[in-house]
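Peer 1: Below you'll find input_24.tsv; it's TSV, C-alpha atoms and all ligand atoms.
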```tsv
chain	number	residue	atom	x	y	z
A	1	MET	CA	55.44	112.87	24.44
A	2	ALA	CA	58.06	115.10	22.89
A	3	ASN	CA	57.64	118.73	23.86
A	4	LYS	CA	56.55	120.82	20.94
A	5	ARG	CA	57.69	124.37	21.21
A	6	ASP	CA	55.22	127.19	21.40
A	7	TYR	CA	54.89	128.94	18.02
A	8	TYR	CA	55.60	132.34	19.49
A	9	GLU	CA	58.68	130.98	21.14
A	10	VAL	CA	59.77	129.39	17.85
A	11	LEU	CA	59.62	132.74	16.09
A	12	GLY	CA	60.94	134.60	19.10
A	13	VAL	CA	58.07	137.08	19.12
A	14	SER	CA	55.66	138.13	21.84
A	15	LYS	CA	52.07	136.95	22.05
A	16	THR	CA	50.96	140.39	20.95
A	17	ALA	CA	53.34	140.62	17.99
A	18	THR	CA	52.02	142.34	14.87
A	19	LEU	CA	51.86	140.58	11.52
A	20	ASP	CA	54.84	142.65	10.44
A	21	GLU	CA	56.93	141.50	13.39
A	22	ILE	CA	55.95	137.89	12.71
A	23	LYS	CA	56.89	138.22	9.05
A	24	LYS	CA	60.20	139.79	9.92
A	25	ALA	CA	61.05	137.12	12.49
A	26	TYR	CA	60.14	134.34	10.11
A	27	ARG	CA	62.10	135.82	7.21
A	28	LYS	CA	65.19	135.99	9.40
A	29	LEU	CA	64.83	132.38	10.55
A	30	ALA	CA	63.98	131.08	7.11
A	31	MET	CA	67.02	132.80	5.59
A	32	ALA	CA	69.36	131.44	8.24
A	33	ASN	CA	68.05	127.87	8.17
A	34	HIS	CA	66.92	127.33	4.59
A	35	PRO	CA	67.91	123.81	3.47
A	36	ASP	CA	69.47	125.23	0.30
A	37	ARG	CA	71.88	127.20	2.41
A	38	ASN	CA	72.55	124.40	4.88
A	39	PRO	CA	72.85	121.24	2.78
A	40	GLY	CA	72.91	118.12	4.93
A	41	ASP	CA	72.30	120.03	8.16
A	42	LYS	CA	69.37	118.15	9.71
A	43	ALA	CA	69.09	120.49	12.67
A	44	ALA	CA	68.80	123.54	10.41
A	45	GLU	CA	66.20	121.74	8.34
A	46	GLU	CA	64.19	121.01	11.49
A	47	ARG	CA	64.41	124.63	12.55
A	48	PHE	CA	63.30	125.71	9.10
A	49	LYS	CA	60.28	123.41	9.23
A	50	GLU	CA	59.45	124.45	12.76
A	51	ALA	CA	59.58	128.14	11.86
A	52	THR	CA	57.55	127.60	8.69
A	53	GLU	CA	54.85	125.77	10.61
A	54	ALA	CA	54.77	128.52	13.23
A	55	TYR	CA	54.59	131.18	10.52
A	56	GLU	CA	51.77	129.43	8.69
A	57	ILE	CA	49.67	129.50	11.82
A	58	LEU	CA	50.57	132.89	13.25
A	59	SER	CA	50.37	134.76	9.94
A	60	ASP	CA	46.77	133.70	9.46
A	61	ASP	CA	44.30	135.53	11.67
A	62	LYS	CA	41.87	132.65	12.03
A	63	LYS	CA	44.53	130.04	12.66
A	64	ARG	CA	46.31	132.27	15.11
A	65	GLN	CA	43.10	132.82	17.02
A	66	ALA	CA	42.45	129.08	17.07
A	67	TYR	CA	45.97	128.45	18.28
A	68	ASP	CA	45.68	131.10	20.98
A	69	GLN	CA	42.49	129.49	22.21
A	70	PHE	CA	43.18	125.80	21.80
A	71	GLY	CA	46.91	125.48	21.52
A	72	PHE	CA	48.24	122.99	19.04
A	73	GLN	CA	45.03	121.07	19.05
A	74	GLY	CA	43.23	124.01	17.49
A	75	VAL	CA	45.50	124.00	14.48
A	76	ASP	CA	46.96	120.52	14.37
A	77	GLY	CA	47.21	118.46	11.25
A	78	ALA	CA	47.48	119.35	7.60
A	79	GLY	CA	44.30	121.39	7.57
A	80	GLY	CA	45.42	123.99	10.03
A	81	ALA	CA	42.42	126.11	10.87
A	82	GLY	CA	40.39	123.83	8.65
A	83	ASN	CA	40.72	121.35	11.43
A	84	TYR	CA	39.17	123.85	13.75
A	85	SER	CA	35.71	122.99	12.59
A	86	ASN	CA	36.42	119.29	12.86
A	87	THR	CA	37.48	119.78	16.41
A	88	TYR	CA	34.32	121.69	17.02
A	89	ARG	CA	32.15	119.03	15.45
A	90	ASP	CA	33.84	116.24	17.33
A	91	PHE	CA	33.41	117.99	20.60
A	92	SER	CA	29.84	118.94	19.96
A	93	ASP	CA	29.17	115.27	19.31
A	94	ILE	CA	30.97	114.21	22.42
A	95	PHE	CA	29.34	116.81	24.57
A	96	GLY	CA	25.98	116.40	22.89
A	97	GLY	CA	24.11	118.50	25.41
A	98	PHE	CA	26.40	121.52	25.31
A	99	GLY	CA	25.23	124.29	23.08
A	100	SER	CA	27.64	127.17	23.08
A	101	PHE	CA	31.20	127.18	21.99
A	102	SER	CA	32.40	128.74	25.22
A	103	ASP	CA	30.79	125.93	27.18
A	104	ILE	CA	32.78	123.48	25.18
A	105	ILE	CA	35.97	125.41	25.74
A	106	ASN	CA	35.30	125.70	29.44
A	107	ASN	CA	34.64	122.05	29.46
A	108	MET	CA	37.81	121.29	27.55
A	109	PHE	CA	40.00	123.55	29.57
A	110	GLY	CA	38.43	123.20	32.92
A	111	GLY	CA	41.41	124.48	34.85
A	112	GLY	CA	42.80	121.09	35.71
A	113	ASN	CA	39.49	119.75	36.88
A	114	PHE	CA	37.77	116.71	35.67
A	115	GLN	CA	35.78	117.55	32.59
A	116	GLY	CA	33.00	115.08	33.09
A	117	SER	CA	32.81	114.75	29.34
A	118	TYR	CA	32.12	111.07	29.32
A	119	ALA	CA	29.36	111.35	31.84
A	120	SER	CA	27.61	114.13	29.97
A	121	GLY	CA	28.01	112.48	26.60
A	122	GLY	CA	25.94	109.49	27.50
A	123	TYR	CA	28.72	107.00	27.13
A	124	ASP	CA	27.74	105.03	30.16
A	125	SER	CA	24.85	103.63	28.20
A	126	GLY	CA	27.21	101.74	25.96
A	127	GLU	CA	25.92	103.45	22.86
A	128	TYR	CA	28.63	104.85	20.69
A	129	HIS	CA	28.99	107.48	18.05
A	130	GLY	CA	31.95	106.13	16.17
A	131	SER	CA	35.49	106.97	17.18
A	132	HIS	CA	36.61	110.27	18.65
A	133	GLN	CA	39.74	111.83	19.90
A	134	GLY	CA	39.81	112.16	23.68
A	135	SER	CA	39.58	115.61	25.24
A	136	SER	CA	42.63	117.67	25.84
A	137	ILE	CA	43.29	118.82	29.35
A	138	ARG	CA	44.70	122.04	30.64
A	139	TYR	CA	46.81	122.00	33.76
A	140	ASP	CA	48.10	125.21	35.31
A	141	ILE	CA	51.24	125.46	37.32
A	142	ALA	CA	52.90	128.44	38.92
A	143	ILE	CA	56.65	128.39	39.40
A	144	ASP	CA	58.93	130.97	40.91
A	145	LEU	CA	61.25	133.08	38.80
A	146	ALA	CA	64.37	131.28	40.02
A	147	THR	CA	62.95	127.92	38.89
A	148	SER	CA	61.97	129.35	35.52
A	149	ILE	CA	65.51	130.57	34.99
A	150	LYS	CA	67.30	127.44	36.14
A	151	GLY	CA	64.80	124.97	34.63
A	152	SER	CA	63.54	122.00	36.56
A	153	LYS	CA	61.59	118.79	36.56
A	154	VAL	CA	58.22	119.15	38.24
A	155	ASP	CA	55.80	116.44	39.28
A	156	ILE	CA	52.17	117.11	38.48
A	157	THR	CA	49.23	115.02	39.58
A	158	TYR	CA	46.03	115.16	37.58
A	159	ASN	CA	42.94	113.19	36.69
A	160	HIS	CA	42.24	111.89	33.26
A	161	TYR	CA	40.43	109.08	31.53
A	162	VAL	CA	42.52	106.15	30.38
A	163	LYS	CA	41.62	103.08	28.40
A	164	CYS	CA	39.95	100.48	30.58
A	165	PRO	CA	42.67	97.86	31.17
A	166	GLU	CA	40.13	95.07	31.41
A	167	CYS	CA	38.64	95.43	27.91
A	168	ASP	CA	41.48	97.50	26.42
A	169	GLY	CA	39.04	100.26	25.57
A	170	SER	CA	36.59	98.19	23.57
A	171	GLY	CA	33.86	98.33	26.21
A	172	ALA	CA	32.97	94.69	25.55
A	173	GLU	CA	33.54	92.03	28.16
A	174	LYS	CA	36.68	90.01	27.70
A	175	GLY	CA	36.15	87.21	25.21
A	176	THR	CA	33.02	88.80	23.70
A	177	ASN	CA	32.70	90.93	20.61
A	178	LYS	CA	30.40	93.68	19.57
A	179	ILE	CA	27.43	92.47	17.64
A	180	THR	CA	25.58	93.90	14.68
A	181	CYS	CA	23.03	96.47	15.80
A	182	PRO	CA	19.55	94.88	15.67
A	183	THR	CA	17.84	98.22	15.15
A	184	CYS	CA	19.58	99.21	11.92
A	185	GLY	CA	20.96	95.84	10.89
A	186	GLY	CA	24.46	97.25	10.88
A	187	LYS	CA	23.77	100.07	8.43
A	188	GLY	CA	24.11	102.75	11.09
A	189	THR	CA	21.07	104.62	9.80
A	190	VAL	CA	17.33	104.12	10.10
A	191	VAL	CA	14.49	105.28	7.87
A	192	ARG	CA	11.52	106.92	9.49
A	193	GLY	CA	8.10	107.80	8.14
A	194	ASN	CA	6.16	106.15	5.35
A	195	GLY	CA	4.39	107.00	2.15
A	196	PHE	CA	5.97	109.96	0.38
A	197	PHE	CA	8.03	111.30	3.19
A	198	GLN	CA	10.96	109.32	4.38
A	199	MET	CA	13.76	110.54	6.54
A	200	ARG	CA	17.01	108.78	6.94
A	201	SER	CA	18.72	109.47	10.25
A	202	THR	CA	21.50	108.11	12.41
A	203	CYS	CA	20.52	104.97	14.25
A	204	PRO	CA	19.70	105.93	17.84
A	205	LYS	CA	20.68	102.51	19.15
A	206	CYS	CA	24.26	102.31	17.84
A	207	GLY	CA	24.83	105.97	17.09
A	208	GLY	CA	25.81	105.16	13.52
A	209	SER	CA	28.54	102.65	14.18
A	210	GLY	CA	26.34	99.70	13.21
A	211	LYS	CA	27.55	97.68	16.16
A	212	ILE	CA	26.51	97.46	19.77
A	213	ILE	CA	28.00	95.85	22.83
A	214	GLU	CA	25.98	92.84	23.96
A	215	HIS	CA	28.02	92.10	27.08
A	216	PRO	CA	29.44	95.34	28.44
A	217	CYS	CA	32.71	95.14	30.31
A	218	LYS	CA	31.91	94.99	34.02
A	219	ARG	CA	34.84	97.13	35.03
A	220	CYS	CA	33.95	100.15	32.89
A	221	ASN	CA	30.25	99.44	32.25
A	222	GLY	CA	30.93	99.41	28.55
A	223	SER	CA	32.40	102.91	28.37
A	224	GLY	CA	35.89	101.57	27.54
A	225	VAL	CA	37.50	104.16	29.79
A	226	GLU	CA	38.09	104.75	33.46
A	227	LYS	CA	39.26	107.62	35.63
A	228	LYS	CA	42.84	107.61	36.68
A	229	ARG	CA	44.79	109.89	38.96
A	230	GLU	CA	48.30	110.06	37.64
A	231	THR	CA	51.55	111.77	38.54
A	232	ILE	CA	53.94	112.59	35.73
A	233	LYS	CA	57.20	114.49	35.47
A	234	ILE	CA	57.18	117.67	33.45
A	235	ASP	CA	60.40	119.04	32.09
A	236	ILE	CA	60.52	122.81	32.58
A	237	PRO	CA	63.18	124.13	30.23
A	238	ALA	CA	65.53	126.75	31.62
A	239	GLY	CA	64.49	130.26	30.66
A	240	ILE	CA	60.81	129.47	30.15
A	241	THR	CA	58.60	132.56	30.04
A	242	SER	CA	55.30	133.13	31.80
A	243	GLY	CA	52.35	132.06	29.67
A	244	SER	CA	54.24	129.27	27.94
A	245	ARG	CA	52.56	125.98	27.28
A	246	ILE	CA	54.28	122.66	27.58
A	247	LEU	CA	52.59	120.05	25.45
A	248	GLN	CA	52.46	116.46	26.66
A	249	ARG	CA	51.16	114.67	23.63
A	250	GLY	CA	48.64	111.91	24.22
A	251	MET	CA	48.42	112.58	27.96
A	252	GLY	CA	44.87	113.96	27.87
A	253	ASP	CA	41.78	111.78	27.96
A	254	ALA	CA	41.75	108.45	26.15
A	255	GLY	CA	40.01	108.40	22.79
A	256	ILE	CA	36.64	106.77	22.28
A	257	ASN	CA	36.31	103.61	20.20
A	258	GLY	CA	39.93	103.56	19.16
A	259	GLY	CA	40.19	107.31	18.63
A	260	PRO	CA	43.49	108.96	19.58
A	261	SER	CA	44.05	110.34	23.06
A	262	GLY	CA	43.83	114.05	23.71
A	263	ASP	CA	46.84	116.03	24.85
A	264	LEU	CA	47.81	117.58	28.13
A	265	TYR	CA	48.73	121.26	28.05
A	266	VAL	CA	50.70	122.47	31.01
A	267	TYR	CA	50.31	126.24	31.26
A	268	VAL	CA	53.18	127.82	33.09
A	269	THR	CA	52.82	131.02	35.08
A	270	VAL	CA	56.00	132.51	36.46
A	271	LYS	CA	55.48	134.19	39.81
A	272	GLU	CA	56.99	137.55	40.57
A	273	ASP	CA	60.18	137.59	42.54
A	274	PRO	CA	60.60	140.13	45.33
A	275	ASN	CA	64.12	141.08	44.24
A	276	PHE	CA	64.54	140.28	40.57
A	277	VAL	CA	62.65	141.42	37.50
A	278	ARG	CA	62.99	139.80	34.09
A	279	LYS	CA	62.85	141.86	30.90
A	280	GLY	CA	63.47	139.75	27.82
A	281	ASN	CA	66.50	137.74	28.77
A	282	ASP	CA	67.89	140.45	31.04
A	283	LEU	CA	67.47	140.54	34.79
A	284	TYR	CA	67.24	143.61	36.99
A	285	CYS	CA	67.91	144.00	40.70
A	286	LYS	CA	68.56	146.80	43.18
A	287	LEU	CA	71.69	146.79	45.30
A	288	PRO	CA	71.99	148.94	48.42
A	289	ILE	CA	75.44	150.41	49.08
A	290	SER	CA	76.67	152.79	51.77
A	291	ILE	CA	77.34	156.45	51.12
A	292	THR	CA	81.05	155.85	51.67
A	293	GLN	CA	81.17	152.91	49.26
A	294	ALA	CA	79.39	155.09	46.71
A	295	THR	CA	81.80	157.95	47.27
A	296	LEU	CA	85.08	156.11	47.45
A	297	GLY	CA	84.25	153.11	45.22
A	298	ALA	CA	84.23	149.55	46.50
A	299	ARG	CA	84.01	145.90	45.58
A	300	VAL	CA	80.81	144.31	46.86
A	301	GLU	CA	79.33	140.85	46.68
A	302	PHE	CA	75.75	139.70	46.37
A	303	GLU	CA	73.77	136.59	45.50
A	304	ASN	CA	72.31	136.28	42.01
A	305	ILE	CA	68.86	134.69	41.61
A	306	THR	CA	70.52	131.38	40.71
A	307	GLY	CA	72.33	131.38	44.06
A	308	GLU	CA	75.66	132.26	42.50
A	309	ILE	CA	77.73	134.80	44.43
A	310	LEU	CA	78.71	137.69	42.19
A	311	SER	CA	81.30	140.34	42.89
A	312	ILE	CA	81.05	143.78	41.30
A	313	GLU	CA	83.15	146.91	41.30
A	314	ILE	CA	81.34	150.05	42.37
A	315	PRO	CA	83.08	152.99	40.70
A	316	ALA	CA	84.02	155.91	42.95
A	317	GLY	CA	81.44	158.69	42.82
A	318	SER	CA	78.43	156.46	42.07
A	319	SER	CA	74.95	157.81	42.77
A	320	THR	CA	71.60	156.15	43.34
A	321	ASP	CA	70.06	154.70	40.15
A	322	LYS	CA	73.40	154.13	38.49
A	323	LEU	CA	73.03	150.97	36.42
A	324	LEU	CA	75.88	148.47	36.35
A	325	ARG	CA	75.87	145.62	33.87
A	326	VAL	CA	77.12	142.13	34.70
A	327	LYS	CA	77.50	140.47	31.33
A	328	GLY	CA	76.01	137.02	30.76
A	329	LYS	CA	74.43	136.75	34.21
A	330	GLY	CA	70.85	137.17	33.04
A	331	VAL	CA	68.64	134.43	31.62
A	332	ASN	CA	70.23	131.79	29.46
A	333	PRO	CA	67.34	130.04	27.69
A	334	GLN	CA	67.83	126.36	27.07
A	335	ASN	CA	65.59	126.10	24.04
A	336	THR	CA	66.60	129.18	22.18
A	337	ARG	CA	68.90	127.69	19.63
A	338	LEU	CA	68.33	130.51	17.20
A	339	PHE	CA	68.32	133.55	19.42
A	340	SER	CA	71.05	132.26	21.63
A	341	SER	CA	71.44	135.62	23.27
A	342	LYS	CA	72.43	135.16	26.85
A	343	GLY	CA	70.89	137.90	28.92
A	344	ASP	CA	72.74	140.28	31.21
A	345	LEU	CA	72.16	141.23	34.81
A	346	PHE	CA	71.57	144.93	35.48
A	347	VAL	CA	72.31	146.12	38.97
A	348	ARG	CA	70.71	149.40	39.98
A	349	LEU	CA	72.56	151.07	42.82
A	350	TYR	CA	70.76	152.51	45.82
A	351	VAL	CA	72.84	154.69	48.05
A	352	THR	CA	71.78	154.41	51.68
A	353	THR	CA	72.20	157.19	54.21
A	354	PRO	CA	73.21	156.26	57.74
A	355	SER	CA	70.87	157.18	60.56
A	356	GLY	CA	71.41	157.04	64.30
A	357	LEU	CA	75.03	158.10	64.01
A	358	SER	CA	77.27	158.43	67.04
A	359	SER	CA	78.38	161.94	67.96
A	360	ARG	CA	81.76	161.17	66.38
A	361	GLY	CA	79.96	160.08	63.20
A	362	LYS	CA	77.93	163.28	63.13
A	363	GLU	CA	81.11	165.30	63.66
A	364	LEU	CA	82.76	163.59	60.69
A	365	PHE	CA	79.75	164.33	58.47
A	366	LYS	CA	79.82	167.99	59.52
A	367	MET	CA	83.43	168.10	58.48
A	368	LEU	CA	82.46	166.46	55.21
A	369	ASN	CA	79.71	168.99	54.67
A	370	ASP	CA	82.22	171.81	55.02
A	371	GLU	CA	84.44	170.03	52.51
A	372	ILE	CA	81.70	169.36	49.92
A	373	LYS	CA	80.19	172.42	48.35
A	374	SER	CA	76.48	171.66	48.75
A	375	GLU	CA	74.34	173.94	46.62
A	376	ILE	CA	71.57	175.90	48.26
A	377	ARG	CA	69.48	175.88	45.09
A	378	PRO	CA	70.26	172.70	43.12
A	379	LYS	CA	69.04	172.29	39.52
A	380	LEU	CA	66.08	169.94	39.11
A	381	MET	CA	66.54	166.62	37.37
A	382	PRO	CA	64.17	164.90	34.92
A	383	TYR	CA	61.57	162.92	36.83
A	384	ALA	CA	61.41	159.19	36.22
A	385	GLU	CA	59.79	156.37	38.17
B	1	ZN	ZN	36.29	97.85	30.24
B	2	ZN	ZN	22.19	100.71	14.78
```
Mind turning this structure into structure tokens?

Peer 2:
Amino acid sequence: MANKRDYYEVLGVSKTATLDEIKKAYRKLAMANHPDRNPGDKAAEERFKEATEAYEILSDDKKRQAYDQFGFQGVDGAGGAGNYSNTYRDFSDIFGGFGSFSDIINNMFGGGNFQGSYASGGYDSGEYHGSHQGSSIRYDIAIDLATSIKGSKVDITYNHYVKCPECDGSGAEKGTNKITCPTCGGKGTVVRGNGFFQMRSTCPKCGGSGKIIEHPCKRCNGSGVEKKRETIKIDIPAGITSGSRILQRGMGDAGINGGPSGDLYVYVTVKEDPNFVRKGNDLYCKLPISITQATLGARVEFENITGEILSIEIPAGSSTDKLLRVKGKGVNPQNTRLFSSKGDLFVRLYVTTPSGLSSRGKELFKMLNDEIKSEIRPKLMPYAE
């Protein structure tokens, strides 16, 4: 159930990073955390291993593609991308009727819906194809920017298949056992044809396992699994970026015939905020000030995205678009042990002009206009959005 960090996050690179950027990021991390340089430092060793694993995947085109598509499941285990084909084979077995790869993916990552994999795989018949890992499930959540910055615990409710509690996943009625398949005599294969041509194929009755269920469990009809709607708490780490995945290991669909459970991938989308924009770990906002505050200088207060009240000094003679930096008030990512750069908050000033002035107000501005030498033909400035 431990959260495994996204490989891009581990290396601190973007999803579109080039191989060069990935190499550079890894070299930096490997140098800093190499066990030879940090004897006895378990945390450094862990970081080193984590970075190495991430590098192994992201530096290999095929593995990276598999990871991008499937998440950890696409590259899990010692074989890395080698496992890719296993995954494919397993799923094509499970989903028997599905032909194309994209169908399988759609089926796997059905956008939080029920996959219907068990139903389409023919498991209700009680005929098994050996053991398989359960499907992984994708669940999408959208959180607002403030939540992503502060971090939070979020409840999600989703459907998945769990082991049938009555038969503990065996599919056989309590107190009964599976029996040797009468069709193949337990060999799992049958021979067809006679004379010169003989073909050995997987036993259609037991699907190759050599055993069948004589008395299927009444609760699950011999499938060994049942649907369950479950609510679990997801830990959203502070500073999480849009597009991140949070892995909940083993929280996907239950495995078949003793196979391991699939995983649950929570895909996080961070919604746009009307007032704040995040760039890296820095935040940007726009602060309106009056023309007199801009001219004379002032101390003004405003609420940061976290709800904290900040006070900043506007220097005298500030114009619109002047950028003021409030150090350390940007994003402070919880998981970034290596790039522990706390972001800053950038405040862009916007000087407002009063309208609907009283006659006294207008009089004062006329006096001001006489005082300030306004140019008839001002020099143009570079245009920027
Ligand atoms: Zn059962
Ligand atoms: Zn058989």

Peer 1: Could you list the protein, DNA and RNA residues that have any atom within 10 Å of ligand ZN 1 (chain B), counting all atoms listed in the file, and write them as an MDAnalysis selection string?

Peer 2: chainID A and resid 163:174 216:226

Peer 1: Just to confirm, what's the straight-line distance from CA of Tyr161 in chain A to CA of Val266 in chain A in Å (one decimal)?

Peer 2: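 Between CA of Tyr161 in chain A and CA of Val266 in chain A the gap works out to 16.9 Å.
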
Peer 1: Put a box with edges along x, y and z around all the listed atoms of range 160-163 of chain A, pad it by 4 Å on each side, then give me its centre and sizes in Å, one decimal, as AutoDock Vina command-line options.

Peer 2:
```
--center_x 41.5 --center_y 107.5 --center_z 30.8 --size_x 10.1 --size_y 16.8 --size_z 12.9
```

Peer 1: For Ile149 in chain A, list every protein, DNA or RNA residue within 12 Å, evaluated using only C-alpha atoms, and leave out those in the same chain fewer than 5 positions away; present the list as a PDB file with C-alpha atoms, in the coordinates of the input.

Peer 2:
```pdb
ATOM      1  CA  ILE A 143      56.650 128.390  39.400  1.00  0.00           C
ATOM      2  CA  ASP A 144      58.930 130.970  40.910  1.00  0.00           C
ATOM      3  CA  ILE A 236      60.520 122.810  32.580  1.00  0.00           C
ATOM      4  CA  PRO A 237      63.180 124.130  30.230  1.00  0.00           C
ATOM      5  CA  ALA A 238      65.530 126.750  31.620  1.00  0.00           C
ATOM      6  CA  GLY A 239      64.490 130.260  30.660  1.00  0.00           C
ATOM      7  CA  ILE A 240      60.810 129.470  30.150  1.00  0.00           C
ATOM      8  CA  THR A 241      58.600 132.560  30.040  1.00  0.00           C
ATOM      9  CA  SER A 242      55.300 133.130  31.800  1.00  0.00           C
ATOM     10  CA  VAL A 270      56.000 132.510  36.460  1.00  0.00           C
ATOM     11  CA  LYS A 271      55.480 134.190  39.810  1.00  0.00           C
ATOM     12  CA  ASP A 273      60.180 137.590  42.540  1.00  0.00           C
ATOM     13  CA  PHE A 276      64.540 140.280  40.570  1.00  0.00           C
ATOM     14  CA  VAL A 277      62.650 141.420  37.500  1.00  0.00           C
ATOM     15  CA  ARG A 278      62.990 139.800  34.090  1.00  0.00           C
ATOM     16  CA  GLY A 280      63.470 139.750  27.820  1.00  0.00           C
ATOM     17  CA  ASN A 281      66.500 137.740  28.770  1.00  0.00           C
ATOM     18  CA  ASP A 282      67.890 140.450  31.040  1.00  0.00           C
ATOM     19  CA  LEU A 283      67.470 140.540  34.790  1.00  0.00           C
ATOM     20  CA  ASN A 304      72.310 136.280  42.010  1.00  0.00           C
ATOM     21  CA  ILE A 305      68.860 134.690  41.610  1.00  0.00           C
ATOM     22  CA  THR A 306      70.520 131.380  40.710  1.00  0.00           C
ATOM     23  CA  GLY A 307      72.330 131.380  44.060  1.00  0.00           C
ATOM     24  CA  LYS A 329      74.430 136.750  34.210  1.00  0.00           C
ATOM     25  CA  GLY A 330      70.850 137.170  33.040  1.00  0.00           C
ATOM     26  CA  VAL A 331      68.640 134.430  31.620  1.00  0.00           C
ATOM     27  CA  ASN A 332      70.230 131.790  29.460  1.00  0.00           C
ATOM     28  CA  PRO A 333      67.340 130.040  27.690  1.00  0.00           C
ATOM     29  CA  GLN A 334      67.830 126.360  27.070  1.00  0.00           C
ATOM     30  CA  ASN A 335      65.590 126.100  24.040  1.00  0.00           C
ATOM     31  CA  LYS A 342      72.430 135.160  26.850  1.00  0.00           C
ATOM     32  CA  GLY A 343      70.890 137.900  28.920  1.00  0.00           C
TER      33      GLY A 343
END
```

Peer 1: Taking into account only C-alpha atoms and all ligand atoms, which residue in the set A:Lys322, A:Lys187, A:Arg249, A:Lys379 is nearest to ligand ZN 2 (chain B)?

Peer 2: A:Lys187

Peer 1: Which residues are close to range 180-183 of chain A, i.e. within 6 Å by only C-alpha atoms, leaving aside same-chain residues fewer than 2 positions away? Reply as a VMD selection string.

Peer 2: chain A and resid 185 to 186 210 to 212

Peer 1: Rank nothing, just name the residue among A:Gly255, A:Gly175, A:Ile213, A:Gly151 nearest to ligand ZN 2 (chain B), using all atoms listed in the file.

Peer 2: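 Going through A:Gly255, A:Gly175, A:Ile213, A:Gly151 one by one, the smallest distance to ligand ZN 2 (chain B) is for A:Ile213.
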
Peer 1: From the options A:Lys205, A:Lys150, A:His34, A:Arg348, which residue's atoms come nearest to ligand ZN 2 (chain B), counting all atoms listed in the file?

Peer 2: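 For ligand ZN 2 (chain B), the nearest of the candidates is A:Lys205.
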
Peer 1: Of the candidates A:Lys178, A:Asp263, A:Ile309, A:Lys366, which shows the shortest atom-to-atom distance to ligand ZN 2 (chain B), using all atoms listed in the file?

Peer 2: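 Between A:Lys178, A:Asp263, A:Ile309, A:Lys366, the residue approaching ligand ZN 2 (chain B) most closely is A:Lys178.
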
Peer 1: Between A:Phe48, A:Tyr267, A:Phe197, A:Phe70, which one has atoms that come closest to Tyr139 in chain A, using all atoms listed in the file?

Peer 2: A:Tyr267

Peer 1: I need the residue nearest ligand ZN 2 (chain B) from this list: A:Pro204, A:Val10, A:His132, A:Thr176. Use all atoms listed in the file for the distance.

Peer 2: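 The answer is A:Pro204, which sits nearest to ligand ZN 2 (chain B).
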
Peer 1: Pull the neighbourhood of (77.7, 161.7, 43.7) for me: all residues within 8 Å in file coordinates, counting all atoms listed in the file, as number ranges by chain.

Peer 2: A: 294-295, 317-319

Peer 1: Determine, counting all atoms listed in the file, which protein, DNA and RNA residues have an atom within 7 Å of an atom of Leu11 in chain A; residues of the same chain fewer than 2 positions away are not included. Present the result as JSON, numbers by chain.

Peer 2: {"A": [7, 8, 9, 13, 25, 26, 51]}

Peer 1: May I ask for the distance between CA of Lys153 in chain A and CA of Asp140 in chain A, given in Å to one decimal place?

Peer 2: 15.0 Å

Peer 1: Between CA of Lys362 in chain A and CA of Ile291 in chain A, what is the distance in Å, rounded to a tenth?

Peer 2: 13.8 Å

Peer 1: Would you pick out the contacts of range 56-58 of chain A at 9 Å or less, using only C-alpha atoms, so that residues sharing its chain but fewer than 3 positions from it are not included, and give the list as a list in words?

Peer 2: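 That gives Tyr7, Tyr8, Leu19, Ile22, Ala51, Thr52, Glu53, Asp61, Lys62, Lys63, Arg64, Gln65, Ala66, Tyr67, Val75, Gly80 and Ala81 of chain A.
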